[in-house]
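As structure tokens, the structure follows; a few thoughts come after it.
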Amino acid sequence: MVGQVLPLVRPALRGITPYATPTGRDRYRRLDANEGPPPAPGLLRELLVEAASRLSYYPEYTELRRLAAVHYGAPAGGIMPVCGADEGLRLVIGAFAGPGDRMVTVRPTFSMYTFYAQLAGAAVTAVTLAPDFELDLNAVLEAAGGAALVVLASPNNPTARPIRPGDLARLLQLAPERPILLDETYAEFCGQNFIPWIERFSNLIILRTLSKARGLPGLRCGFVVGHPAVISSLDTLRSPYNLTATAAWVGSAFLAGDTDFRERLAAATTARATLQRELARLGVPVWSSVTHFCVFYLGDAAGSAASALAEQGILVRLLGDDLSGFIRVSVTGPEDTAVFLSAFTPWLTQRRPEPIPAAWRLS
Ligand SMILES: Cc1ncc(COP(=O)(O)O)c(C=O)c1O
């Protein structure tokens, strides 16, 4: 029977490997998924008790939209709540790119951009970043000719570099009819905010989330921010109740009253700076970062380093094809950095450094 159904699945979906949601991470120190510094558990518990009484009714999003617009400085009507930035990516990419279209992004970057373009049946051009992980603007401008959509992250994941404002302005100006989706998932870590540009550039669409800087990835609460007319059109793609009542309630409360989140961010970025300084002192090539994570190069030994750390209860991200031999680590405070270094330093003394591959060699 199943043999009769399978050929009816859209051809674009057949060759795509489903996203493998990681499992069994609970017993580890999780430095592998860029989760941000968590809020105080007491505040969360209080909010969850209040949220419980809302579970017997369908959620409402008016207050969440209003508070998000105020918090992010977005135009009224310029916010669409989504189930994490991930859902925003799927909806926006699917809205602009379909079969016969082409989406432009960079490599290395967040793998879900290509994943959602493939789901939508669109082709992808991924422009390689410059060796210092900066955008190769001319190459992106050239690739963007005739493209349906450009998707960029700033700061980028995994490279932790922000976009240069001049580069973004050129991209937006050169083709005002072509949407640029700017994923600002990590923007708060470096104080970046391109949302005010939406007033000038109606082709700019921005993603925000409570997953990283707010430390609430399990809540699944994010926002697509754009020109009100664009948001109203994208709203047609949203399922009626795409966020749970818990996400809407707790998300609103955090946007309105999470007063110490900047201190948590500062602790995380300071811990990342300490980590970078120590790695550099140990002779490990480490790239600069404006967020709470950074990448460093170990070459062929990267896999054994990740395994050795896992044996000591620490998870790190071994990067794939685009950055093979690199490891990405995120920290939320000084304890993460200290625990990581106390496990990594003894491992490092047992091996010799490897030359950095030419593609990413810094001058
Ligand atoms: C660049 C980037 N965009 C989007 C996401 C997804 O975030 P969310 O948890 O809000 O879906 C991530 C998560 O790692 C990310 O790194």
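Labeling convention for the structure tokens: chains A, B, ... as they appear, residues from 1 per chain, ligands from 1 in order of appearance.
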Neighbours of ligand 1 at 6 Å or closer, counting only C-alpha atoms and all ligand atoms: which residues, as a PDB file with N, CA and C atoms, in the first residue's frame?
```
ATOM      1  N   GLY A  84       9.442  30.142  16.653  1.00  0.00           N
ATOM      2  CA  GLY A  84      10.903  30.184  16.507  1.00  0.00           C
ATOM      3  C   GLY A  84      11.271  30.811  15.165  1.00  0.00           C
ATOM      4  N   ALA A  85      12.496  31.351  15.088  1.00  0.00           N
ATOM      5  CA  ALA A  85      12.964  31.941  13.825  1.00  0.00           C
ATOM      6  C   ALA A  85      12.898  30.914  12.701  1.00  0.00           C
ATOM      7  N   ASP A  86      13.028  29.643  13.074  1.00  0.00           N
ATOM      8  CA  ASP A  86      12.971  28.569  12.084  1.00  0.00           C
ATOM      9  C   ASP A  86      11.670  28.593  11.280  1.00  0.00           C
ATOM     10  N   PHE A 110      23.953  29.164   8.218  1.00  0.00           N
ATOM     11  CA  PHE A 110      22.964  28.286   8.865  1.00  0.00           C
ATOM     12  C   PHE A 110      22.358  27.368   7.802  1.00  0.00           C
ATOM     13  N   ALA A 153      22.582  35.912   7.365  1.00  0.00           N
ATOM     14  CA  ALA A 153      22.486  36.029   8.822  1.00  0.00           C
ATOM     15  C   ALA A 153      23.506  37.046   9.298  1.00  0.00           C
ATOM     16  N   ASN A 157      25.958  32.544  11.572  1.00  0.00           N
ATOM     17  CA  ASN A 157      26.243  31.273  12.251  1.00  0.00           C
ATOM     18  C   ASN A 157      26.754  30.312  11.182  1.00  0.00           C
ATOM     19  N   ASP A 183      18.603  37.523   8.885  1.00  0.00           N
ATOM     20  CA  ASP A 183      18.353  36.730  10.081  1.00  0.00           C
ATOM     21  C   ASP A 183      19.176  37.326  11.229  1.00  0.00           C
ATOM     22  N   THR A 185      19.056  36.578  14.394  1.00  0.00           N
ATOM     23  CA  THR A 185      18.895  35.701  15.553  1.00  0.00           C
ATOM     24  C   THR A 185      19.879  36.030  16.682  1.00  0.00           C
ATOM     25  N   THR A 209      14.280  36.356  17.499  1.00  0.00           N
ATOM     26  CA  THR A 209      13.854  35.178  18.266  1.00  0.00           C
ATOM     27  C   THR A 209      14.143  35.384  19.749  1.00  0.00           C
ATOM     28  N   SER A 211      15.041  32.746  21.348  1.00  0.00           N
ATOM     29  CA  SER A 211      15.796  31.509  21.602  1.00  0.00           C
ATOM     30  C   SER A 211      17.213  31.735  22.099  1.00  0.00           C
ATOM     31  N   PRO A 217      15.139  28.868  24.117  1.00  0.00           N
ATOM     32  CA  PRO A 217      14.934  28.104  22.875  1.00  0.00           C
ATOM     33  C   PRO A 217      13.796  27.092  22.965  1.00  0.00           C
ATOM     34  N   GLY A 222       9.423  33.382  18.088  1.00  0.00           N
ATOM     35  CA  GLY A 222      10.234  34.279  17.265  1.00  0.00           C
ATOM     36  C   GLY A 222       9.338  35.242  16.508  1.00  0.00           C
TER      37      GLY A 222
END
```
All strand (DSSP E) positions in segment 178-238 of chain A, as a PyMOL selection string: chain A and resi 180-183+204-209+222-225
Output for the residues just chosen: N, CA, C and O atoms as a PDB file, in the first residue's frame:
```
ATOM      1  N   ILE A 180      15.315  40.979   0.790  1.00  0.00           N
ATOM      2  CA  ILE A 180      16.513  40.525   1.514  1.00  0.00           C
ATOM      3  C   ILE A 180      16.023  40.084   2.887  1.00  0.00           C
ATOM      4  O   ILE A 180      15.481  40.899   3.644  1.00  0.00           O
ATOM      5  N   LEU A 181      16.187  38.805   3.187  1.00  0.00           N
ATOM      6  CA  LEU A 181      15.815  38.302   4.509  1.00  0.00           C
ATOM      7  C   LEU A 181      17.076  38.312   5.370  1.00  0.00           C
ATOM      8  O   LEU A 181      18.033  37.587   5.083  1.00  0.00           O
ATOM      9  N   LEU A 182      17.070  39.165   6.397  1.00  0.00           N
ATOM     10  CA  LEU A 182      18.229  39.280   7.287  1.00  0.00           C
ATOM     11  C   LEU A 182      17.888  38.589   8.605  1.00  0.00           C
ATOM     12  O   LEU A 182      17.002  39.036   9.338  1.00  0.00           O
ATOM     13  N   ASP A 183      18.603  37.523   8.885  1.00  0.00           N
ATOM     14  CA  ASP A 183      18.353  36.730  10.081  1.00  0.00           C
ATOM     15  C   ASP A 183      19.176  37.326  11.229  1.00  0.00           C
ATOM     16  O   ASP A 183      20.388  37.129  11.310  1.00  0.00           O
ATOM     17  N   LEU A 204      13.362  44.896   2.953  1.00  0.00           N
ATOM     18  CA  LEU A 204      14.109  44.289   4.065  1.00  0.00           C
ATOM     19  C   LEU A 204      13.144  43.561   5.010  1.00  0.00           C
ATOM     20  O   LEU A 204      12.193  44.158   5.519  1.00  0.00           O
ATOM     21  N   ILE A 205      13.400  42.278   5.217  1.00  0.00           N
ATOM     22  CA  ILE A 205      12.594  41.482   6.153  1.00  0.00           C
ATOM     23  C   ILE A 205      13.574  40.913   7.196  1.00  0.00           C
ATOM     24  O   ILE A 205      14.644  40.412   6.821  1.00  0.00           O
ATOM     25  N   ILE A 206      13.207  41.027   8.462  1.00  0.00           N
ATOM     26  CA  ILE A 206      14.150  40.648   9.531  1.00  0.00           C
ATOM     27  C   ILE A 206      13.544  39.559  10.417  1.00  0.00           C
ATOM     28  O   ILE A 206      12.338  39.539  10.651  1.00  0.00           O
ATOM     29  N   LEU A 207      14.413  38.677  10.887  1.00  0.00           N
ATOM     30  CA  LEU A 207      13.982  37.643  11.832  1.00  0.00           C
ATOM     31  C   LEU A 207      14.571  37.918  13.199  1.00  0.00           C
ATOM     32  O   LEU A 207      15.764  38.237  13.310  1.00  0.00           O
ATOM     33  N   ARG A 208      13.756  37.794  14.210  1.00  0.00           N
ATOM     34  CA  ARG A 208      14.210  37.868  15.605  1.00  0.00           C
ATOM     35  C   ARG A 208      13.677  36.649  16.355  1.00  0.00           C
ATOM     36  O   ARG A 208      12.694  36.042  15.934  1.00  0.00           O
ATOM     37  N   THR A 209      14.280  36.356  17.499  1.00  0.00           N
ATOM     38  CA  THR A 209      13.854  35.178  18.266  1.00  0.00           C
ATOM     39  C   THR A 209      14.143  35.384  19.749  1.00  0.00           C
ATOM     40  O   THR A 209      15.037  36.163  20.109  1.00  0.00           O
ATOM     41  N   GLY A 222       9.423  33.382  18.088  1.00  0.00           N
ATOM     42  CA  GLY A 222      10.234  34.279  17.265  1.00  0.00           C
ATOM     43  C   GLY A 222       9.338  35.242  16.508  1.00  0.00           C
ATOM     44  O   GLY A 222       8.102  35.211  16.645  1.00  0.00           O
ATOM     45  N   PHE A 223       9.954  36.120  15.715  1.00  0.00           N
ATOM     46  CA  PHE A 223       9.187  37.148  15.020  1.00  0.00           C
ATOM     47  C   PHE A 223       9.751  37.408  13.627  1.00  0.00           C
ATOM     48  O   PHE A 223      10.967  37.502  13.467  1.00  0.00           O
ATOM     49  N   VAL A 224       8.843  37.539  12.655  1.00  0.00           N
ATOM     50  CA  VAL A 224       9.230  38.089  11.360  1.00  0.00           C
ATOM     51  C   VAL A 224       8.863  39.567  11.435  1.00  0.00           C
ATOM     52  O   VAL A 224       7.743  39.919  11.822  1.00  0.00           O
ATOM     53  N   VAL A 225       9.818  40.430  11.107  1.00  0.00           N
ATOM     54  CA  VAL A 225       9.599  41.871  11.197  1.00  0.00           C
ATOM     55  C   VAL A 225       9.765  42.458   9.795  1.00  0.00           C
ATOM     56  O   VAL A 225      10.752  42.159   9.109  1.00  0.00           O
TER      57      VAL A 225
END
```
Applying 8 Å and only C-alpha atoms, which residues near Leu129 of chain A remain after dropping the ones on its own chain fewer than 6 positions away? List them as a ChimeraX atom specification. /A:106-108,135-136
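Atom CA of Asp321 of chain A sits 28.5 Å away from atom CA of Cys83 of chain A.
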Please identify every residue of segment 299-360 of chain A that has at least one atom no farther than 7 Å from an atom of segment 29-48 of chain A, counting only C-alpha atoms, and for each give the shortest atom pair and the distance in Å to one decimal, arranged by chain then increasing number, as a tab-separated table.
```
residue	atom	partner	partner_atom	distance
A:Gly313	CA	A:Arg29	CA	6.1
A:Ile314	CA	A:Arg29	CA	4.8
A:Leu315	CA	A:Arg30	CA	5.2
A:Val316	CA	A:Asp32	CA	4.1
A:Arg317	CA	A:Asp32	CA	4.5
A:Arg328	CA	A:Asp32	CA	6.9
A:Val329	CA	A:Leu31	CA	5.4
A:Ser330	CA	A:Leu31	CA	4.9
A:Val331	CA	A:Leu31	CA	6.1
A:Thr332	CA	A:Pro37	CA	4.6
```
Write out, as a PDB file, in the first residue's frame, the residues just selected, with all heavy atoms.
```pdb
ATOM      1  N   GLY A 313      31.781  14.848  29.313  1.00  0.00           N
ATOM      2  CA  GLY A 313      30.471  15.454  29.574  1.00  0.00           C
ATOM      3  C   GLY A 313      30.250  16.804  28.907  1.00  0.00           C
ATOM      4  O   GLY A 313      29.369  17.562  29.330  1.00  0.00           O
ATOM      5  N   ILE A 314      31.041  17.120  27.857  1.00  0.00           N
ATOM      6  CA  ILE A 314      30.890  18.435  27.211  1.00  0.00           C
ATOM      7  C   ILE A 314      30.583  18.235  25.727  1.00  0.00           C
ATOM      8  O   ILE A 314      31.341  17.563  25.017  1.00  0.00           O
ATOM      9  CB  ILE A 314      32.193  19.259  27.341  1.00  0.00           C
ATOM     10  CG1 ILE A 314      32.526  19.467  28.813  1.00  0.00           C
ATOM     11  CG2 ILE A 314      32.080  20.597  26.609  1.00  0.00           C
ATOM     12  CD1 ILE A 314      33.933  19.971  29.053  1.00  0.00           C
ATOM     13  N   LEU A 315      29.501  18.837  25.264  1.00  0.00           N
ATOM     14  CA  LEU A 315      29.179  18.759  23.831  1.00  0.00           C
ATOM     15  C   LEU A 315      29.637  20.024  23.125  1.00  0.00           C
ATOM     16  O   LEU A 315      29.376  21.142  23.607  1.00  0.00           O
ATOM     17  CB  LEU A 315      27.670  18.609  23.626  1.00  0.00           C
ATOM     18  CG  LEU A 315      27.018  17.311  24.086  1.00  0.00           C
ATOM     19  CD1 LEU A 315      25.514  17.360  23.789  1.00  0.00           C
ATOM     20  CD2 LEU A 315      27.656  16.100  23.411  1.00  0.00           C
ATOM     21  N   VAL A 316      30.331  19.872  21.977  1.00  0.00           N
ATOM     22  CA  VAL A 316      30.688  20.998  21.112  1.00  0.00           C
ATOM     23  C   VAL A 316      30.221  20.644  19.702  1.00  0.00           C
ATOM     24  O   VAL A 316      29.887  19.492  19.436  1.00  0.00           O
ATOM     25  CB  VAL A 316      32.216  21.272  21.106  1.00  0.00           C
ATOM     26  CG1 VAL A 316      32.693  21.715  22.475  1.00  0.00           C
ATOM     27  CG2 VAL A 316      32.991  20.049  20.625  1.00  0.00           C
ATOM     28  N   ARG A 317      30.173  21.630  18.794  1.00  0.00           N
ATOM     29  CA  ARG A 317      29.693  21.347  17.441  1.00  0.00           C
ATOM     30  C   ARG A 317      30.865  21.149  16.482  1.00  0.00           C
ATOM     31  O   ARG A 317      31.680  22.055  16.276  1.00  0.00           O
ATOM     32  CB  ARG A 317      28.812  22.506  16.947  1.00  0.00           C
ATOM     33  CG  ARG A 317      28.275  22.324  15.521  1.00  0.00           C
ATOM     34  CD  ARG A 317      27.395  21.099  15.347  1.00  0.00           C
ATOM     35  NE  ARG A 317      26.235  21.098  16.214  1.00  0.00           N
ATOM     36  CZ  ARG A 317      25.057  21.625  15.885  1.00  0.00           C
ATOM     37  NH1 ARG A 317      24.895  22.148  14.691  1.00  0.00           N
ATOM     38  NH2 ARG A 317      24.047  21.626  16.739  1.00  0.00           N
ATOM     39  N   ARG A 328      32.803  24.596  16.689  1.00  0.00           N
ATOM     40  CA  ARG A 328      32.119  25.788  17.211  1.00  0.00           C
ATOM     41  C   ARG A 328      31.713  25.522  18.653  1.00  0.00           C
ATOM     42  O   ARG A 328      31.185  24.444  18.957  1.00  0.00           O
ATOM     43  CB  ARG A 328      30.864  26.076  16.366  1.00  0.00           C
ATOM     44  CG  ARG A 328      30.193  27.410  16.704  1.00  0.00           C
ATOM     45  CD  ARG A 328      28.787  27.486  16.114  1.00  0.00           C
ATOM     46  NE  ARG A 328      27.928  26.545  16.795  1.00  0.00           N
ATOM     47  CZ  ARG A 328      26.765  26.078  16.300  1.00  0.00           C
ATOM     48  NH1 ARG A 328      26.331  26.461  15.129  1.00  0.00           N
ATOM     49  NH2 ARG A 328      26.042  25.213  17.001  1.00  0.00           N
ATOM     50  N   VAL A 329      31.988  26.504  19.517  1.00  0.00           N
ATOM     51  CA  VAL A 329      31.636  26.374  20.941  1.00  0.00           C
ATOM     52  C   VAL A 329      30.852  27.602  21.366  1.00  0.00           C
ATOM     53  O   VAL A 329      31.249  28.733  21.044  1.00  0.00           O
ATOM     54  CB  VAL A 329      32.910  26.299  21.825  1.00  0.00           C
ATOM     55  CG1 VAL A 329      32.537  26.229  23.297  1.00  0.00           C
ATOM     56  CG2 VAL A 329      33.734  25.092  21.471  1.00  0.00           C
ATOM     57  N   SER A 330      29.744  27.413  22.080  1.00  0.00           N
ATOM     58  CA  SER A 330      29.031  28.563  22.649  1.00  0.00           C
ATOM     59  C   SER A 330      29.118  28.490  24.166  1.00  0.00           C
ATOM     60  O   SER A 330      29.096  27.393  24.743  1.00  0.00           O
ATOM     61  CB  SER A 330      27.573  28.575  22.199  1.00  0.00           C
ATOM     62  OG  SER A 330      26.930  27.371  22.551  1.00  0.00           O
ATOM     63  N   VAL A 331      29.231  29.650  24.798  1.00  0.00           N
ATOM     64  CA  VAL A 331      29.299  29.691  26.269  1.00  0.00           C
ATOM     65  C   VAL A 331      28.270  30.681  26.795  1.00  0.00           C
ATOM     66  O   VAL A 331      27.965  31.683  26.142  1.00  0.00           O
ATOM     67  CB  VAL A 331      30.719  30.073  26.769  1.00  0.00           C
ATOM     68  CG1 VAL A 331      31.697  28.935  26.555  1.00  0.00           C
ATOM     69  CG2 VAL A 331      31.239  31.346  26.115  1.00  0.00           C
ATOM     70  N   THR A 332      27.741  30.391  27.998  1.00  0.00           N
ATOM     71  CA  THR A 332      26.734  31.290  28.565  1.00  0.00           C
ATOM     72  C   THR A 332      27.270  32.066  29.768  1.00  0.00           C
ATOM     73  O   THR A 332      26.584  32.927  30.300  1.00  0.00           O
ATOM     74  CB  THR A 332      25.486  30.499  28.999  1.00  0.00           C
ATOM     75  OG1 THR A 332      25.901  29.518  29.954  1.00  0.00           O
ATOM     76  CG2 THR A 332      24.824  29.802  27.819  1.00  0.00           C
TER      77      THR A 332
END
```
In segment 187-334 of chain A, what's alpha helix (DSSP H) per DSSP? Answer as a short mmCIF file (atom, residue, chain, number, x, y, z; two decimals) with N, CA and C atoms, in the first residue's frame?
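Okay, out_29.cif is ready:
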```
data_model
loop_
_atom_site.label_atom_id
_atom_site.label_comp_id
_atom_site.auth_asym_id
_atom_site.auth_seq_id
_atom_site.Cartn_x
_atom_site.Cartn_y
_atom_site.Cartn_z
N PRO A 228 4.57 46.74 7.12
CA PRO A 228 3.24 46.20 7.45
C PRO A 228 2.55 45.52 6.25
N ALA A 229 2.73 46.04 5.05
CA ALA A 229 2.07 45.42 3.89
C ALA A 229 2.68 44.05 3.60
N VAL A 230 3.99 43.93 3.78
CA VAL A 230 4.67 42.65 3.56
C VAL A 230 4.21 41.65 4.62
N ILE A 231 4.16 42.10 5.88
CA ILE A 231 3.75 41.21 6.98
C ILE A 231 2.31 40.76 6.78
N SER A 232 1.46 41.66 6.34
CA SER A 232 0.06 41.28 6.15
C SER A 232 -0.05 40.20 5.06
N SER A 233 0.78 40.30 4.04
CA SER A 233 0.77 39.28 2.99
C SER A 233 1.33 37.95 3.51
N LEU A 234 2.43 38.02 4.28
CA LEU A 234 3.04 36.79 4.82
C LEU A 234 2.10 36.10 5.81
N ALA A 245 -0.16 28.76 23.59
CA ALA A 245 -0.57 29.79 24.56
C ALA A 245 0.58 30.08 25.52
N THR A 246 1.36 29.06 25.85
CA THR A 246 2.50 29.26 26.76
C THR A 246 3.52 30.18 26.11
N ALA A 247 3.83 29.93 24.83
CA ALA A 247 4.82 30.77 24.15
C ALA A 247 4.34 32.22 24.07
N ALA A 248 3.04 32.40 23.77
CA ALA A 248 2.51 33.76 23.64
C ALA A 248 2.56 34.49 24.99
N TRP A 249 2.18 33.78 26.05
CA TRP A 249 2.11 34.42 27.38
C TRP A 249 3.51 34.70 27.94
N VAL A 250 4.35 33.67 27.94
CA VAL A 250 5.70 33.83 28.51
C VAL A 250 6.51 34.80 27.62
N GLY A 251 6.35 34.67 26.32
CA GLY A 251 7.06 35.57 25.39
C GLY A 251 6.70 37.03 25.65
N SER A 252 5.40 37.31 25.82
CA SER A 252 4.97 38.69 26.10
C SER A 252 5.60 39.19 27.38
N ALA A 253 5.56 38.34 28.43
CA ALA A 253 6.10 38.75 29.73
C ALA A 253 7.59 39.06 29.62
N PHE A 254 8.31 38.28 28.84
CA PHE A 254 9.75 38.51 28.70
C PHE A 254 10.05 39.78 27.91
N LEU A 255 9.24 40.04 26.88
CA LEU A 255 9.47 41.27 26.12
C LEU A 255 9.20 42.50 26.98
N ALA A 256 8.23 42.36 27.90
CA ALA A 256 7.84 43.51 28.72
C ALA A 256 8.73 43.70 29.93
N GLY A 257 9.22 42.59 30.53
CA GLY A 257 9.81 42.77 31.86
C GLY A 257 11.08 42.00 32.16
N PHE A 261 18.33 41.06 31.20
CA PHE A 261 18.87 40.23 30.13
C PHE A 261 20.18 40.78 29.57
N ARG A 262 20.35 42.10 29.64
CA ARG A 262 21.62 42.65 29.12
C ARG A 262 22.81 42.22 29.98
N GLU A 263 22.58 42.07 31.27
CA GLU A 263 23.66 41.57 32.14
C GLU A 263 24.02 40.13 31.79
N ARG A 264 22.98 39.33 31.49
CA ARG A 264 23.25 37.93 31.11
C ARG A 264 24.05 37.88 29.81
N LEU A 265 23.66 38.77 28.87
CA LEU A 265 24.39 38.81 27.59
C LEU A 265 25.84 39.21 27.79
N ALA A 266 26.04 40.21 28.64
CA ALA A 266 27.41 40.70 28.87
C ALA A 266 28.26 39.58 29.48
N ALA A 267 27.67 38.80 30.41
CA ALA A 267 28.42 37.70 31.02
C ALA A 267 28.80 36.67 29.97
N ALA A 268 27.87 36.41 29.03
CA ALA A 268 28.14 35.39 27.99
C ALA A 268 29.22 35.88 27.03
N THR A 269 29.15 37.13 26.59
CA THR A 269 30.14 37.60 25.62
C THR A 269 31.52 37.77 26.28
N THR A 270 31.53 38.14 27.56
CA THR A 270 32.81 38.22 28.27
C THR A 270 33.43 36.83 28.39
N ALA A 271 32.59 35.84 28.68
CA ALA A 271 33.09 34.46 28.80
C ALA A 271 33.64 33.98 27.45
N ARG A 272 32.97 34.37 26.36
CA ARG A 272 33.46 33.99 25.02
C ARG A 272 34.81 34.68 24.73
N ALA A 273 34.95 35.93 25.15
CA ALA A 273 36.23 36.63 24.92
C ALA A 273 37.35 35.95 25.69
N THR A 274 37.08 35.52 26.93
CA THR A 274 38.08 34.80 27.72
C THR A 274 38.46 33.50 27.02
N LEU A 275 37.45 32.80 26.53
CA LEU A 275 37.71 31.54 25.83
C LEU A 275 38.62 31.77 24.62
N GLN A 276 38.32 32.81 23.83
CA GLN A 276 39.13 33.09 22.64
C GLN A 276 40.57 33.42 23.02
N ARG A 277 40.70 34.25 24.05
CA ARG A 277 42.04 34.66 24.50
C ARG A 277 42.86 33.43 24.91
N GLU A 278 42.21 32.53 25.66
CA GLU A 278 42.93 31.33 26.14
C GLU A 278 43.27 30.39 24.99
N LEU A 279 42.33 30.24 24.04
CA LEU A 279 42.62 29.37 22.89
C LEU A 279 43.80 29.92 22.10
N ALA A 280 43.80 31.24 21.89
CA ALA A 280 44.89 31.87 21.13
C ALA A 280 46.21 31.68 21.88
N ARG A 281 46.17 31.82 23.21
CA ARG A 281 47.38 31.64 24.02
C ARG A 281 47.91 30.22 23.90
N ALA A 302 39.91 17.38 14.85
CA ALA A 302 38.68 17.99 15.39
C ALA A 302 37.72 16.92 15.91
N GLY A 303 37.58 15.82 15.16
CA GLY A 303 36.65 14.76 15.56
C GLY A 303 37.06 14.14 16.88
N SER A 304 38.38 13.88 17.03
CA SER A 304 38.80 13.23 18.28
C SER A 304 38.70 14.21 19.45
N ALA A 305 38.87 15.51 19.18
CA ALA A 305 38.69 16.50 20.27
C ALA A 305 37.23 16.49 20.73
N ALA A 306 36.30 16.49 19.76
CA ALA A 306 34.87 16.50 20.12
C ALA A 306 34.52 15.24 20.92
N SER A 307 35.08 14.09 20.51
CA SER A 307 34.79 12.84 21.25
C SER A 307 35.39 12.89 22.65
N ALA A 308 36.64 13.39 22.75
CA ALA A 308 37.29 13.45 24.06
C ALA A 308 36.50 14.36 25.01
N LEU A 309 36.00 15.48 24.46
CA LEU A 309 35.21 16.39 25.29
C LEU A 309 33.89 15.73 25.71
N ALA A 310 33.26 15.03 24.76
CA ALA A 310 31.98 14.35 25.08
C ALA A 310 32.19 13.33 26.19
N GLU A 311 33.34 12.65 26.15
CA GLU A 311 33.62 11.67 27.22
C GLU A 311 33.69 12.35 28.58
N PRO A 334 31.08 32.38 32.75
CA PRO A 334 32.45 31.98 33.07
C PRO A 334 32.60 30.50 33.38
#
```
Write out as a PyMOL selection string the residues lying within 10 Å of Thr114 of chain A, counting only C-alpha atoms and excluding same-chain residues fewer than 2 positions away. chain A and resi 93+103-106+109-112+116-120+122-126+151
